[in-house]
Amino acid sequence: MTFQTVESRPIQGQKPGTSGLRKKTRTFMAPHYLENFIQAIFNSIGGAEGKIFVVGGDGRFFNANAIQTILKMAAANKAARIIVGQNGLLSTPAASHLIRLNKTDGGIILSASHNPGGIEEDFGIKFNVANGGPAPESVTAAILNATLAIDSYKIARVPDVDLRPIGETAVCCMPIRIVDPVADYCDLMAKLFDFDAIQSMFAGGFSMCFDAMHAVTGPYAKAILEQTLGAPEGTVVNAVPLEDFGGGHPDPNPIRAKPLMDLMMSDSAPDFGAASDGDGDRHMIVGRGRYVTASDSLAVLVANAHLAPGYAAGLAGVARSMPTSAACDRVAEKLGIAIFETPTGWKFFGNLLDAGKVTICGEESAGIGSSHIREKDGLWAVLLWLNIIAVRKLSVAKILTDHWANYGRNYYSRHDYEGVPPEAANRLMDHVIGQMETLSGKSFGGLTVSGADEFSYRDPIDGSVSDHQGLRIWFEGDGRAVLRLSGTGTEDATIRLYLEQYKPYEKAASLSVCKVLLPLKRAVIEIAGMQRFIGRTEPDVVT
Ligand code: G1P
Ligand code: ZN
């Protein structure tokens with residue numbers, strides 16, 4: 001018998017988080033674990049029968065095996081067809097594009113984003129719906145319920161499919177189309193950006209270093225930057241995707257992408273530096289001697305997007321996640337367009353994009369994207385920066401300082417306290433929630449609280465409400481702090497503290513970010529009883 005129905009008991013704890021289900025790789029490799037979750041996805045959408053899905057991942061350890069299992073399960077569940085990236089590779093933005101381009105019923109993306117990969121590291125699965133975006137909360141809740149109700153899964157007992165040749169193949173009677181992971185995505189970028197202008201800039205000697213961090217964007221960046229736009233070979237470094245990302249965290253921030261940062265701060269820095277994460281949806285921009293925070297990158301892109309052909313008509317509106325700095329709000333205000341504040345996680349942008357309310361969305365965690373797909377898009381952000389530089393003919397540093405001179409500056413930083421025992425993290429959060437009503441008017445080290453709340457979001461399109469989305473504390477004099485627990489960890493809790501201080505820009509005073517934010521940090525440490533609950537006040541990672 002080719003198709004087998006395997007009895008299976010529900011597996012607890014398969015709750016999709018901020019960005020799908022993320023667990024230790026060994027957890028996914030345990031008997032029935034992956035199968036249970038995939039069957040739950042199919043069950044929660046009324047079965048896979050007759051449906052078309054895109055499948056692909058970031059190439060991390062277990063990617064290839066998991067894809068084989070998914071193909072065999074899709075066949076046994078009578079899916080009509082699967083579109084899969086060659087060798088099982090697809091960046092998250094490319095997968096989102098393929099879902100939309102081929103009008104499929106959704107896609108299964110295998111990635112734990114910027115988390116490290118390997119048998120002892122992390123793996124993840126995300127289900128994207130027909131608009132190309134991450135499943136909204138109603139769907140992730142249905143998936144969770146399905147994981148708890150499951151009693152069997154269906155799988156075809158057949159040999160593995162060879163995913164190396166591009167073209168048509170099949171599992172049993174289910175056709176599979178193996179596609180070049182890069183081609184359609186590259187076509188889309190060529191429509192949005194002035195490739196001729198960027199090409200001339202490279203031809204004129206503009207230099208760049210793109211660090212693909214041994215992750216999935218390597219082949220995309222090579223094809224677009226080097227082979228299409230004419231950047232010299234070697235512009236893209238660490239370009240070959242590796243199962244363990246070379247042992248690093250493929251997270252484009254100054255700490256994880258330190259070699260690029262060191263290069264950009266050195267005398268031999270090229271004009272422009274950029275990096276992307278494990279699955280290609282995040283980005284980092286560094287100019288010669290100047291790092292750009294994601295919040296500032298978002299604001300600059302919103303202010304200058306009209307310089308790219310795909311956005312020449314202007315933007316419908318902008319959305320940012322709540323902890324992201326308000327730098328882009330100031331731009332939106334000046335442009336006279338709407339600005340939306342959503343909970344953390346790309347899934348909350350989907351409805352606004354579908355309804356045409358916003359064109360560009362962004363998160364402080366280095367994810368920015370637009371209505372061209374329904375995911376954030378690392379390479380897209382890099383190409384938009386290149387397009388802007390090609391038109392304005394200014395350095396990154398100059399574009400940034402001009403921006404601050406125009407709008408003022410939102411000094412901003414995120415502090416992550418990792419490896420916190422979950423009970424301690426919850427006690428700390430409860431302690432702050434307990435003070436919410438009484439914080440206003442109180443002073444902490446000279447800073448006075450002007451308001452505090454727990455963020456709750458009502459989706460303006462479908463009316464759904466998402467509670468408990470982080471704690472906000474405002475201070476007199478344009479300061480804000482946000483506290484929330486990470487929803488993407490695989491082991492202990494991570495407390496994220498986001499600090500923001502707005503200052504009107506004075507040319508002479510480009511102040512130290514640490515210095516500006518220190519009073520806010522001290523105040524929150526005191527309010528949250530950090531020392532008392534987690535035994536420390538210094539974070540592990542500051543970005
Ligand atoms: C983190 C980021 C968030 C992003 C998510 C997925 O989630 O903070 O902005 O959408 O990764 O890339 P968190 O761990 O904070 O829940
Ligand atoms: Zn990612």
# chains A, B, ... in the order shown; residues from 1 in each chain; ligands from 1
>>> residues_near_ligand(ligand="ligand 2", cutoff="6 Å", atoms="only C-alpha atoms and all ligand atoms", output="PyMOL selection string")
chain A and resi 113-114+277-282
>>> write_last_selection(atoms="N, CA, C and O atoms", output="PDB file, in the first residue's frame")
ATOM      1  N   SER A 113      14.086  31.351  11.000  1.00  0.00           N
ATOM      2  CA  SER A 113      14.538  32.716  10.721  1.00  0.00           C
ATOM      3  C   SER A 113      16.001  32.934  11.081  1.00  0.00           C
ATOM      4  O   SER A 113      16.872  32.269  10.549  1.00  0.00           O
ATOM      5  N   HIS A 114      16.232  33.810  12.044  1.00  0.00           N
ATOM      6  CA  HIS A 114      17.599  34.203  12.413  1.00  0.00           C
ATOM      7  C   HIS A 114      18.183  33.310  13.496  1.00  0.00           C
ATOM      8  O   HIS A 114      19.308  33.531  13.931  1.00  0.00           O
ATOM      9  N   ASP A 277      19.116  37.759   6.922  1.00  0.00           N
ATOM     10  CA  ASP A 277      19.084  36.698   7.940  1.00  0.00           C
ATOM     11  C   ASP A 277      18.881  35.311   7.322  1.00  0.00           C
ATOM     12  O   ASP A 277      18.903  35.138   6.103  1.00  0.00           O
ATOM     13  N   GLY A 278      18.665  34.316   8.191  1.00  0.00           N
ATOM     14  CA  GLY A 278      18.555  32.920   7.778  1.00  0.00           C
ATOM     15  C   GLY A 278      17.623  32.706   6.604  1.00  0.00           C
ATOM     16  O   GLY A 278      17.979  32.052   5.619  1.00  0.00           O
ATOM     17  N   ASP A 279      16.413  33.262   6.674  1.00  0.00           N
ATOM     18  CA  ASP A 279      15.421  33.005   5.632  1.00  0.00           C
ATOM     19  C   ASP A 279      15.193  34.207   4.721  1.00  0.00           C
ATOM     20  O   ASP A 279      14.274  34.195   3.896  1.00  0.00           O
ATOM     21  N   GLY A 280      16.009  35.247   4.895  1.00  0.00           N
ATOM     22  CA  GLY A 280      16.000  36.343   3.917  1.00  0.00           C
ATOM     23  C   GLY A 280      14.940  37.394   4.096  1.00  0.00           C
ATOM     24  O   GLY A 280      14.721  38.200   3.192  1.00  0.00           O
ATOM     25  N   ASP A 281      14.276  37.446   5.245  1.00  0.00           N
ATOM     26  CA  ASP A 281      13.253  38.484   5.380  1.00  0.00           C
ATOM     27  C   ASP A 281      13.732  39.693   6.186  1.00  0.00           C
ATOM     28  O   ASP A 281      13.076  40.720   6.204  1.00  0.00           O
ATOM     29  N   ARG A 282      14.888  39.564   6.859  1.00  0.00           N
ATOM     30  CA  ARG A 282      15.409  40.708   7.615  1.00  0.00           C
ATOM     31  C   ARG A 282      16.576  41.352   6.873  1.00  0.00           C
ATOM     32  O   ARG A 282      17.200  40.712   6.033  1.00  0.00           O
TER      33      ARG A 282
END
>>> residues_around(residues="A:Lys357", least_positions_apart="3", cutoff="12 Å", atoms="only C-alpha atoms", output="count of residues only")
21
>>> residues_around(residues="A:Ile11", least_positions_apart="5", cutoff="8 Å", atoms="only C-alpha atoms", output="PyMOL selection string")
chain A and resi 33+36+147-148
>>> residues_near_ligand(ligand="ligand 1", cutoff="6 Å", atoms="only C-alpha atoms and all ligand atoms", output="list in words")
Thr18, Ser19, Thr344, Gly345, Trp346, Glu363, Ser365, Ser486, Gly487 and Thr488 of chain A
>>> atom_distance(atom1="atom CA of A:Ile285", atom2="atom CA of A:Trp385")
8.4 Å
>>> closest_residue(among="A:Gly57, A:Gly287, A:Gly419, A:Pro504", to="A:Asp540", atoms="only C-alpha atoms")
A:Gly419
